[in-house]
Structure formats: structure tokens, C-alpha cells
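Colleague: Contents of data-v3.cif (mmCIF, C-alpha atoms and all ligand atoms; chains and numbers go by the auth columns):
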data_upload
#
loop_
_atom_site.group_PDB
_atom_site.id
_atom_site.type_symbol
_atom_site.label_atom_id
_atom_site.label_comp_id
_atom_site.label_asym_id
_atom_site.label_seq_id
_atom_site.Cartn_x
_atom_site.Cartn_y
_atom_site.Cartn_z
_atom_site.B_iso_or_equiv
_atom_site.auth_seq_id
_atom_site.auth_asym_id
ATOM 1 C CA MET A 1 -9.441 16.981 17.482 0.00 1 A
ATOM 2 C CA ALA A 2 -12.251 15.229 15.651 0.00 2 A
ATOM 3 C CA VAL A 3 -11.561 13.402 12.420 0.00 3 A
ATOM 4 C CA GLU A 4 -14.453 12.344 10.233 0.00 4 A
ATOM 5 C CA VAL A 5 -14.378 8.536 10.039 0.00 5 A
ATOM 6 C CA TYR A 6 -14.440 7.353 6.437 0.00 6 A
ATOM 7 C CA LEU A 7 -13.603 3.661 6.887 0.00 7 A
ATOM 8 C CA SER A 8 -14.210 2.255 10.354 0.00 8 A
ATOM 9 C CA GLU A 9 -12.005 -0.177 12.230 0.00 9 A
ATOM 10 C CA GLU A 10 -14.662 -2.885 11.859 0.00 10 A
ATOM 11 C CA LYS A 11 -14.974 -2.394 8.124 0.00 11 A
ATOM 12 C CA ILE A 12 -11.195 -2.527 7.711 0.00 12 A
ATOM 13 C CA LYS A 13 -10.913 -5.673 9.810 0.00 13 A
ATOM 14 C CA THR A 14 -13.564 -7.493 7.792 0.00 14 A
ATOM 15 C CA ARG A 15 -12.008 -6.545 4.457 0.00 15 A
ATOM 16 C CA ILE A 16 -8.509 -7.583 5.528 0.00 16 A
ATOM 17 C CA LYS A 17 -9.767 -11.000 6.600 0.00 17 A
ATOM 18 C CA GLU A 18 -11.245 -11.421 3.109 0.00 18 A
ATOM 19 C CA LEU A 19 -8.023 -10.311 1.417 0.00 19 A
ATOM 20 C CA GLY A 20 -5.944 -12.645 3.616 0.00 20 A
ATOM 21 C CA ALA A 21 -8.175 -15.580 2.697 0.00 21 A
ATOM 22 C CA GLN A 22 -7.955 -14.754 -1.005 0.00 22 A
ATOM 23 C CA ILE A 23 -4.143 -14.458 -0.877 0.00 23 A
ATOM 24 C CA THR A 24 -3.865 -17.704 1.109 0.00 24 A
ATOM 25 C CA LYS A 25 -5.929 -19.494 -1.532 0.00 25 A
ATOM 26 C CA GLU A 26 -4.160 -18.044 -4.550 0.00 26 A
ATOM 27 C CA TYR A 27 -0.601 -18.642 -3.268 0.00 27 A
ATOM 28 C CA ALA A 28 -1.364 -22.087 -1.790 0.00 28 A
ATOM 29 C CA GLY A 29 1.802 -24.186 -1.459 0.00 29 A
ATOM 30 C CA GLU A 30 4.132 -21.192 -1.951 0.00 30 A
ATOM 31 C CA GLU A 31 6.155 -18.942 0.281 0.00 31 A
ATOM 32 C CA ILE A 32 5.401 -15.251 -0.189 0.00 32 A
ATOM 33 C CA HIS A 33 8.070 -12.597 -0.079 0.00 33 A
ATOM 34 C CA ILE A 34 6.204 -9.608 1.276 0.00 34 A
ATOM 35 C CA VAL A 35 7.617 -6.168 0.576 0.00 35 A
ATOM 36 C CA CYS A 36 6.084 -3.466 2.752 0.00 36 A
ATOM 37 C CA VAL A 37 6.338 -0.020 1.218 0.00 37 A
ATOM 38 C CA LEU A 38 7.224 2.309 4.086 0.00 38 A
ATOM 39 C CA ASN A 39 6.030 4.294 5.827 0.00 39 A
ATOM 40 C CA GLY A 40 2.341 4.261 5.038 0.00 40 A
ATOM 41 C CA ALA A 41 1.792 0.519 4.606 0.00 41 A
ATOM 42 C CA PHE A 42 3.131 -0.607 7.993 0.00 42 A
ATOM 43 C CA MET A 43 -0.271 -1.018 9.636 0.00 43 A
ATOM 44 C CA PHE A 44 -1.940 -2.669 6.651 0.00 44 A
ATOM 45 C CA MET A 45 0.962 -5.099 6.322 0.00 45 A
ATOM 46 C CA ALA A 46 0.893 -5.964 10.028 0.00 46 A
ATOM 47 C CA ASP A 47 -2.820 -6.806 9.894 0.00 47 A
ATOM 48 C CA LEU A 48 -2.693 -8.498 6.499 0.00 48 A
ATOM 49 C CA VAL A 49 0.138 -10.931 7.318 0.00 49 A
ATOM 50 C CA ARG A 50 -1.802 -12.172 10.346 0.00 50 A
ATOM 51 C CA GLU A 51 -4.585 -13.242 7.955 0.00 51 A
ATOM 52 C CA ILE A 52 -2.269 -15.023 5.500 0.00 52 A
ATOM 53 C CA LYS A 53 -1.983 -18.659 6.493 0.00 53 A
ATOM 54 C CA LEU A 54 1.186 -19.392 4.531 0.00 54 A
ATOM 55 C CA PRO A 55 4.921 -18.996 5.161 0.00 55 A
ATOM 56 C CA VAL A 56 6.037 -15.434 4.538 0.00 56 A
ATOM 57 C CA ILE A 57 9.300 -13.512 4.488 0.00 57 A
ATOM 58 C CA LEU A 58 8.883 -9.853 5.436 0.00 58 A
ATOM 59 C CA ASP A 59 11.016 -7.106 4.014 0.00 59 A
ATOM 60 C CA PHE A 60 10.718 -3.340 3.849 0.00 60 A
ATOM 61 C CA ILE A 61 11.513 -0.641 1.329 0.00 61 A
ATOM 62 C CA SER A 62 11.222 3.111 1.466 0.00 62 A
ATOM 63 C CA ALA A 63 10.991 4.642 -1.954 0.00 63 A
ATOM 64 C CA SER A 64 9.419 7.515 -3.770 0.00 64 A
ATOM 65 C CA SER A 65 9.164 8.419 -7.400 0.00 65 A
ATOM 66 C CA TYR A 66 10.579 11.525 -8.983 0.00 66 A
ATOM 67 C CA GLY A 67 7.175 12.230 -10.271 0.00 67 A
ATOM 68 C CA ASP A 68 6.646 15.933 -10.071 0.00 68 A
ATOM 69 C CA GLU A 69 4.772 17.925 -12.647 0.00 69 A
ATOM 70 C CA THR A 70 7.731 18.125 -14.990 0.00 70 A
ATOM 71 C CA VAL A 71 8.977 14.518 -14.875 0.00 71 A
ATOM 72 C CA SER A 72 6.544 11.696 -15.255 0.00 72 A
ATOM 73 C CA SER A 73 8.986 9.171 -16.676 0.00 73 A
ATOM 74 C CA GLY A 74 9.300 7.752 -13.191 0.00 74 A
ATOM 75 C CA GLU A 75 12.739 7.409 -11.661 0.00 75 A
ATOM 76 C CA LEU A 76 12.730 5.576 -8.377 0.00 76 A
ATOM 77 C CA LYS A 77 14.467 7.170 -5.409 0.00 77 A
ATOM 78 C CA ILE A 78 15.218 4.479 -2.837 0.00 78 A
ATOM 79 C CA LYS A 79 15.613 5.893 0.667 0.00 79 A
ATOM 80 C CA MET A 80 15.951 2.496 2.350 0.00 80 A
ATOM 81 C CA ASP A 81 16.441 -0.617 0.283 0.00 81 A
ATOM 82 C CA LEU A 82 15.354 -4.210 0.860 0.00 82 A
ATOM 83 C CA ALA A 83 17.510 -6.319 3.164 0.00 83 A
ATOM 84 C CA SER A 84 16.930 -9.446 1.075 0.00 84 A
ATOM 85 C CA ASP A 85 17.457 -10.708 -2.453 0.00 85 A
ATOM 86 C CA VAL A 86 14.134 -11.188 -4.229 0.00 86 A
ATOM 87 C CA ALA A 87 15.490 -13.092 -7.244 0.00 87 A
ATOM 88 C CA GLY A 88 13.370 -16.181 -7.826 0.00 88 A
ATOM 89 C CA LYS A 89 10.820 -15.155 -5.162 0.00 89 A
ATOM 90 C CA HIS A 90 7.084 -14.583 -5.314 0.00 90 A
ATOM 91 C CA VAL A 91 6.986 -10.942 -4.290 0.00 91 A
ATOM 92 C CA LEU A 92 3.852 -9.307 -2.951 0.00 92 A
ATOM 93 C CA LEU A 93 4.198 -5.525 -2.746 0.00 93 A
ATOM 94 C CA VAL A 94 2.113 -4.086 0.066 0.00 94 A
ATOM 95 C CA GLU A 95 1.225 -0.415 -0.386 0.00 95 A
ATOM 96 C CA ASP A 96 -1.007 2.029 1.472 0.00 96 A
ATOM 97 C CA ILE A 97 -2.619 3.847 -1.448 0.00 97 A
ATOM 98 C CA VAL A 98 -2.421 4.069 -5.211 0.00 98 A
ATOM 99 C CA ASP A 99 -3.026 7.670 -6.180 0.00 99 A
ATOM 100 C CA THR A 100 -1.479 8.663 -9.553 0.00 100 A
ATOM 101 C CA GLY A 101 -0.001 5.168 -9.802 0.00 101 A
ATOM 102 C CA LEU A 102 3.533 6.385 -10.491 0.00 102 A
ATOM 103 C CA THR A 103 5.181 4.953 -7.371 0.00 103 A
ATOM 104 C CA MET A 104 3.821 1.472 -7.966 0.00 104 A
ATOM 105 C CA LYS A 105 4.626 1.553 -11.662 0.00 105 A
ATOM 106 C CA VAL A 106 8.300 2.271 -11.062 0.00 106 A
ATOM 107 C CA LEU A 107 8.620 0.114 -7.959 0.00 107 A
ATOM 108 C CA ARG A 108 7.071 -2.903 -9.671 0.00 108 A
ATOM 109 C CA LYS A 109 9.492 -2.517 -12.582 0.00 109 A
ATOM 110 C CA ASN A 110 12.411 -2.233 -10.158 0.00 110 A
ATOM 111 C CA ILE A 111 11.437 -5.457 -8.361 0.00 111 A
ATOM 112 C CA GLU A 112 10.871 -7.287 -11.648 0.00 112 A
ATOM 113 C CA GLU A 113 14.345 -6.246 -12.791 0.00 113 A
ATOM 114 C CA ARG A 114 15.819 -7.872 -9.667 0.00 114 A
ATOM 115 C CA GLY A 115 14.615 -11.204 -11.041 0.00 115 A
ATOM 116 C CA ALA A 116 11.541 -11.900 -8.921 0.00 116 A
ATOM 117 C CA LYS A 117 9.607 -14.974 -10.044 0.00 117 A
ATOM 118 C CA SER A 118 6.349 -13.058 -9.781 0.00 118 A
ATOM 119 C CA VAL A 119 5.342 -9.585 -8.603 0.00 119 A
ATOM 120 C CA LYS A 120 1.867 -8.785 -7.375 0.00 120 A
ATOM 121 C CA LEU A 121 0.430 -5.752 -5.626 0.00 121 A
ATOM 122 C CA ALA A 122 -1.780 -5.478 -2.569 0.00 122 A
ATOM 123 C CA SER A 123 -2.922 -1.904 -1.993 0.00 123 A
ATOM 124 C CA PHE A 124 -5.099 -0.913 0.909 0.00 124 A
ATOM 125 C CA LEU A 125 -6.669 2.021 -0.967 0.00 125 A
ATOM 126 C CA PHE A 126 -7.127 3.162 -4.558 0.00 126 A
ATOM 127 C CA LYS A 127 -8.238 6.608 -5.700 0.00 127 A
ATOM 128 C CA PRO A 128 -9.321 6.084 -9.330 0.00 128 A
ATOM 129 C CA ALA A 129 -10.101 9.781 -9.843 0.00 129 A
ATOM 130 C CA ARG A 130 -6.387 10.635 -9.720 0.00 130 A
ATOM 131 C CA LEU A 131 -4.896 7.740 -11.666 0.00 131 A
ATOM 132 C CA GLU A 132 -2.417 8.716 -14.369 0.00 132 A
ATOM 133 C CA HIS A 133 -0.330 5.560 -14.706 0.00 133 A
ATOM 134 C CA GLU A 134 -2.127 2.311 -15.407 0.00 134 A
ATOM 135 C CA THR A 135 -1.617 0.154 -12.320 0.00 135 A
ATOM 136 C CA HIS A 136 -2.900 -3.352 -11.844 0.00 136 A
ATOM 137 C CA ILE A 137 -3.872 -3.933 -8.218 0.00 137 A
ATOM 138 C CA ASP A 138 -4.145 -7.668 -7.530 0.00 138 A
ATOM 139 C CA TYR A 139 -5.539 -7.304 -4.015 0.00 139 A
ATOM 140 C CA LEU A 140 -7.408 -4.116 -3.198 0.00 140 A
ATOM 141 C CA GLY A 141 -8.801 -3.108 0.169 0.00 141 A
ATOM 142 C CA PHE A 142 -11.077 -0.231 -0.816 0.00 142 A
ATOM 143 C CA GLU A 143 -11.673 2.074 -3.749 0.00 143 A
ATOM 144 C CA ILE A 144 -12.206 5.604 -2.407 0.00 144 A
ATOM 145 C CA GLU A 145 -13.365 8.964 -3.642 0.00 145 A
ATOM 146 C CA ASP A 146 -10.984 11.829 -4.229 0.00 146 A
ATOM 147 C CA HIS A 147 -10.312 12.825 -0.614 0.00 147 A
ATOM 148 C CA PHE A 148 -7.002 13.275 1.175 0.00 148 A
ATOM 149 C CA VAL A 149 -7.188 10.548 3.762 0.00 149 A
ATOM 150 C CA ILE A 150 -5.268 9.947 6.973 0.00 150 A
ATOM 151 C CA GLY A 151 -4.951 7.232 9.572 0.00 151 A
ATOM 152 C CA TYR A 152 -4.296 3.496 9.444 0.00 152 A
ATOM 153 C CA GLY A 153 -0.682 4.221 8.494 0.00 153 A
ATOM 154 C CA LEU A 154 -1.333 7.252 6.303 0.00 154 A
ATOM 155 C CA ASP A 155 -0.087 10.633 7.427 0.00 155 A
ATOM 156 C CA PHE A 156 -0.443 14.314 6.992 0.00 156 A
ATOM 157 C CA ALA A 157 2.994 15.900 7.603 0.00 157 A
ATOM 158 C CA GLY A 158 4.034 12.850 9.620 0.00 158 A
ATOM 159 C CA ARG A 159 0.997 12.847 11.887 0.00 159 A
ATOM 160 C CA TYR A 160 -2.144 10.697 12.293 0.00 160 A
ATOM 161 C CA ARG A 161 -0.547 7.401 11.226 0.00 161 A
ATOM 162 C CA GLU A 162 -1.573 5.795 14.520 0.00 162 A
ATOM 163 C CA LEU A 163 -5.330 6.188 14.004 0.00 163 A
ATOM 164 C CA PRO A 164 -6.974 2.741 13.738 0.00 164 A
ATOM 165 C CA TYR A 165 -9.393 3.940 11.060 0.00 165 A
ATOM 166 C CA ILE A 166 -9.270 5.942 7.812 0.00 166 A
ATOM 167 C CA GLY A 167 -10.397 9.532 8.173 0.00 167 A
ATOM 168 C CA ILE A 168 -10.764 12.468 5.851 0.00 168 A
ATOM 169 C CA TYR A 169 -8.255 15.187 6.521 0.00 169 A
ATOM 170 C CA SER A 170 -9.588 18.695 6.838 0.00 170 A
ATOM 171 C CA PRO A 171 -7.215 21.608 7.484 0.00 171 A
ATOM 172 C CA ASP A 172 -9.139 22.991 10.489 0.00 172 A
ATOM 173 C CA GLN A 173 -8.177 19.872 12.412 0.00 173 A
ATOM 174 C CA ASP A 174 -4.708 21.231 13.179 0.00 174 A
HETATM 175 P P1 LIG B . 1.292 7.801 -6.332 0.00 201 A
HETATM 176 O O1 LIG B . 2.677 7.556 -6.833 0.00 201 A
HETATM 177 O O2 LIG B . 0.341 6.662 -6.564 0.00 201 A
HETATM 178 O O3 LIG B . 0.744 9.106 -6.833 0.00 201 A
HETATM 179 O O4 LIG B . 1.456 8.100 -4.820 0.00 201 A
HETATM 180 C C1 LIG B . 1.210 7.235 -3.824 0.00 201 A
HETATM 181 C C2 LIG B . 1.681 7.847 -2.518 0.00 201 A
HETATM 182 O O5 LIG B . 1.140 9.171 -2.320 0.00 201 A
HETATM 183 C C3 LIG B . 1.159 7.018 -1.379 0.00 201 A
HETATM 184 O O6 LIG B . 2.040 5.973 -1.055 0.00 201 A
HETATM 185 C C4 LIG B . 0.992 8.040 -0.267 0.00 201 A
HETATM 186 O O7 LIG B . 2.212 8.172 0.429 0.00 201 A
HETATM 187 C C5 LIG B . 0.694 9.363 -0.980 0.00 201 A
HETATM 188 N N1 LIG B . -0.754 9.653 -0.981 0.00 201 A
HETATM 189 C C6 LIG B . -1.573 9.673 -2.043 0.00 201 A
HETATM 190 N N2 LIG B . -2.847 9.966 -1.679 0.00 201 A
HETATM 191 C C7 LIG B . -2.825 10.128 -0.342 0.00 201 A
HETATM 192 C C8 LIG B . -3.855 10.433 0.628 0.00 201 A
HETATM 193 O O8 LIG B . -5.050 10.616 0.355 0.00 201 A
HETATM 194 N N3 LIG B . -3.424 10.510 1.915 0.00 201 A
HETATM 195 C C9 LIG B . -2.135 10.332 2.295 0.00 201 A
HETATM 196 N N4 LIG B . -1.851 10.431 3.590 0.00 201 A
HETATM 197 N N5 LIG B . -1.153 10.027 1.405 0.00 201 A
HETATM 198 C C10 LIG B . -1.499 9.931 0.105 0.00 201 A
#
Starting from the file, lay out its structure as C-alpha cells.
Ligand code: 5GP

Modeller:
Amino acid sequence: MAVEVYLSEEKIKTRIKELGAQITKEYAGEEIHIVCVLNGAFMFMADLVREIKLPVILDFISASSYGDETVSSGELKIKMDLASDVAGKHVLLVEDIVDTGLTMKVLRKNIEERGAKSVKLASFLFKPARLEHETHIDYLGFEIEDHFVIGYGLDFAGRYRELPYIGIYSPDQD
């Protein structure tokens, strides 16, 4: 199976080093409470935290938004909740991709309502062509065109997450 490489391993590595340096500088003197949004962000989070030279607490959440065509108000469905209390913490949400923006909109609100001291967002990818809900991304890996991408944590029907690069999914791959 050949997948067209869209963002190479080298390119990803270089960008994550830059993001880690920027985060280290901007949070200097603080501890960061990192919230990895499962499943897609696991690989990005693992690489990013190794480039952040500050104390971090790692926690994980699995959530999706009830954001189908009929409901765009954005209810959050939490499949697996955080293990820790984020009240008073500097929370950095780590997400794989912002597409319509709904998931991040409702998740950010949810974390703010738990009393976090600050909430910022690091997203590996952003697809501006599909954005419907204004989303501020504080730390962005790459802006991409309107392709369905796989690899580096992102799946198609549960597969391809292990690829070390971002590829463009095409149906004749399967
Ligand atoms: P949003 O709420 O921003 O529309 O949805 C974000 C979620 O949709 C992501 O966390 C991801 O799970 C999924 N998603 C959006 N675009 C893509 C894509 O190109 N590839 C993959 N694998 N998942 C995507």
C-alpha cells in the first residue's frame, strides 16, 4: 500500500521543535497541564512534550461533539474523562486537527468551566477551508488544504495511525 506523503517525518520533526521552543518560552516559570485529546493527538503529544523544557502534568480525554448536520450547538460527549482536576491550572489542549472547529469550541468551554487558570490550544493541523466555528489556535503545526489526511496519529476507520508522516487518504489504498 502506497500513501502519498503530504508532510514528511523531517518536516514534522523540525516544526515540533519550533513549537516546543515557543511553548517553553511563553510558559517560562510555570507548570503546564497538558490535555491530550485522544485518540488522534497521541503521537503529536508524545513528540511535543519532549521538546517542552518545563514541568508538565499529562492527562488524557476522549471526547466528541454532537455536531451533526442538524445540531451545531455543540454538546460535548465525553467517552473518557480526565483523571485530574484542572482547576487553577494552566491547561494546554493538544489536538490532532481542527476541521469544523466544533470539537475544540465545546471542549475549551468545558475545560474553562472546570476553573482552569488559562486554556490554550496546540493543534497539529488546521484545515481552514472547512472551518465553521471560530477557533483560536495558539500553537499550530501546519495549515493544510482540504484533504482527508491520515498518519501521525490520524486514522481512517481506525487504521494508519502508526504512520510517522501525514499522508493523503485515497480510497483505492484499501
Ligand atoms: P472538528 O470538530 O474540528 O470538525 O473535528 C475534528 C476531528 O475530526 C478531529 O479531531 C479528527 O478526529 C477528525 N478529522 C477532521 N479532519 C480529519 C482528517 O483529514 N483526517 C482524519 N483522520 N480525521 C479528521

Colleague: Expanded to explicit residues, what is the PyMOL selection byres (((chain A and resi 118-135) around 9) and not hetatm) for this file, as an MDAnalysis selection string?

Modeller: chainID A and resid 16 19 41 44 88:102 104:105 108 111:112 115:117 136:147

Colleague: Take atom CA of Glu113 of chain A and atom CA of Ile78 of chain A and report the distance between them in Å, one decimal.

Modeller: 14.7 Å

Colleague: Mind giving me the axis-aligned box for segment 108-119 of chain A with 5 Å on every side, centre plus edges in Å to one decimal, as AutoDock Vina command-line options?

Modeller:
--center_x 10.6 --center_y -8.6 --center_z -10.6 --size_x 20.5 --size_y 22.7 --size_z 14.4

Colleague: Have a look at A:Phe42, A:Tyr27, A:Phe148, A:Tyr6 and name the one nearest to ligand LIG 201 (chain A); count all atoms listed in the file.

Modeller: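 Under the stated criterion, the closest residue is A:Phe148.
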
Colleague: Atom CA of Val37 of chain A to atom CA of Lys11 of chain A: how many Å, to one decimal?

Modeller: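 So the two atoms, atom CA of Val37 of chain A and atom CA of Lys11 of chain A, lie 22.5 Å apart.
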
Colleague: Would you pick out the contacts of Pro164 of chain A at 12 Å or less, using all atoms listed in the file, so that residues sharing its chain but fewer than 6 positions from it are not included, and give the list as an MDAnalysis selection string?

Modeller: chainID A and resid 3 5:13 43:44 47 150:154

Colleague: Residues as selected, C-alpha atoms, written as a PDB file, in the coordinates of the input, can you do that?

Modeller:
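Printed below is out_36.pdb as written:
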ATOM      1  CA  VAL A   3     -11.561  13.402  12.420  1.00  0.00           C
ATOM      2  CA  VAL A   5     -14.378   8.536  10.039  1.00  0.00           C
ATOM      3  CA  TYR A   6     -14.440   7.353   6.437  1.00  0.00           C
ATOM      4  CA  LEU A   7     -13.603   3.661   6.887  1.00  0.00           C
ATOM      5  CA  SER A   8     -14.210   2.255  10.354  1.00  0.00           C
ATOM      6  CA  GLU A   9     -12.005  -0.177  12.230  1.00  0.00           C
ATOM      7  CA  GLU A  10     -14.662  -2.885  11.859  1.00  0.00           C
ATOM      8  CA  LYS A  11     -14.974  -2.394   8.124  1.00  0.00           C
ATOM      9  CA  ILE A  12     -11.195  -2.527   7.711  1.00  0.00           C
ATOM     10  CA  LYS A  13     -10.913  -5.673   9.810  1.00  0.00           C
ATOM     11  CA  MET A  43      -0.271  -1.018   9.636  1.00  0.00           C
ATOM     12  CA  PHE A  44      -1.940  -2.669   6.651  1.00  0.00           C
ATOM     13  CA  ASP A  47      -2.820  -6.806   9.894  1.00  0.00           C
ATOM     14  CA  ILE A 150      -5.268   9.947   6.973  1.00  0.00           C
ATOM     15  CA  GLY A 151      -4.951   7.232   9.572  1.00  0.00           C
ATOM     16  CA  TYR A 152      -4.296   3.496   9.444  1.00  0.00           C
ATOM     17  CA  GLY A 153      -0.682   4.221   8.494  1.00  0.00           C
ATOM     18  CA  LEU A 154      -1.333   7.252   6.303  1.00  0.00           C
TER      19      LEU A 154
END

Colleague: Can you work out which one of A:Pro171, A:Gly20, A:Gly29, A:Gly158 has the shortest atom-to-atom distance to ligand LIG 201 (chain A), counting all atoms listed in the file?

Modeller: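 Checking each of A:Pro171, A:Gly20, A:Gly29, A:Gly158 against ligand LIG 201 (chain A), counting all atoms listed in the file, the winner is A:Gly158.
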
Colleague: I need the residue nearest ligand LIG 201 (chain A) from this list: A:Leu38, A:Lys77, A:Leu48, A:Tyr165. Use all atoms listed in the file for the distance.

Modeller: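 The shortest atom-to-atom distance to ligand LIG 201 (chain A) comes from A:Leu38.
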
Colleague: Rank nothing, just name the residue among A:Ser170, A:Thr14, A:Ser62, A:Thr103 nearest to ligand LIG 201 (chain A), using only C-alpha atoms and all ligand atoms.

Modeller: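 Under the stated criterion, the closest residue is A:Thr103.
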
Colleague: Can you find the residues with an atom no farther than 12 Å from (-1.7, -13.6, 10.3), counting only C-alpha atoms, and report them as an mmCIF file with C-alpha atoms, in the frame of the given file?

Modeller:
data_model
loop_
_atom_site.group_PDB
_atom_site.id
_atom_site.type_symbol
_atom_site.label_atom_id
_atom_site.label_comp_id
_atom_site.auth_asym_id
_atom_site.auth_seq_id
_atom_site.Cartn_x
_atom_site.Cartn_y
_atom_site.Cartn_z
ATOM 1 C CA ILE A 16 -8.509 -7.583 5.528
ATOM 2 C CA LYS A 17 -9.767 -11.000 6.600
ATOM 3 C CA LEU A 19 -8.023 -10.311 1.417
ATOM 4 C CA GLY A 20 -5.944 -12.645 3.616
ATOM 5 C CA ALA A 21 -8.175 -15.580 2.697
ATOM 6 C CA ILE A 23 -4.143 -14.458 -0.877
ATOM 7 C CA THR A 24 -3.865 -17.704 1.109
ATOM 8 C CA PHE A 44 -1.940 -2.669 6.651
ATOM 9 C CA MET A 45 0.962 -5.099 6.322
ATOM 10 C CA ALA A 46 0.893 -5.964 10.028
ATOM 11 C CA ASP A 47 -2.820 -6.806 9.894
ATOM 12 C CA LEU A 48 -2.693 -8.498 6.499
ATOM 13 C CA VAL A 49 0.138 -10.931 7.318
ATOM 14 C CA ARG A 50 -1.802 -12.172 10.346
ATOM 15 C CA GLU A 51 -4.585 -13.242 7.955
ATOM 16 C CA ILE A 52 -2.269 -15.023 5.500
ATOM 17 C CA LYS A 53 -1.983 -18.659 6.493
ATOM 18 C CA LEU A 54 1.186 -19.392 4.531
ATOM 19 C CA PRO A 55 4.921 -18.996 5.161
ATOM 20 C CA VAL A 56 6.037 -15.434 4.538
#
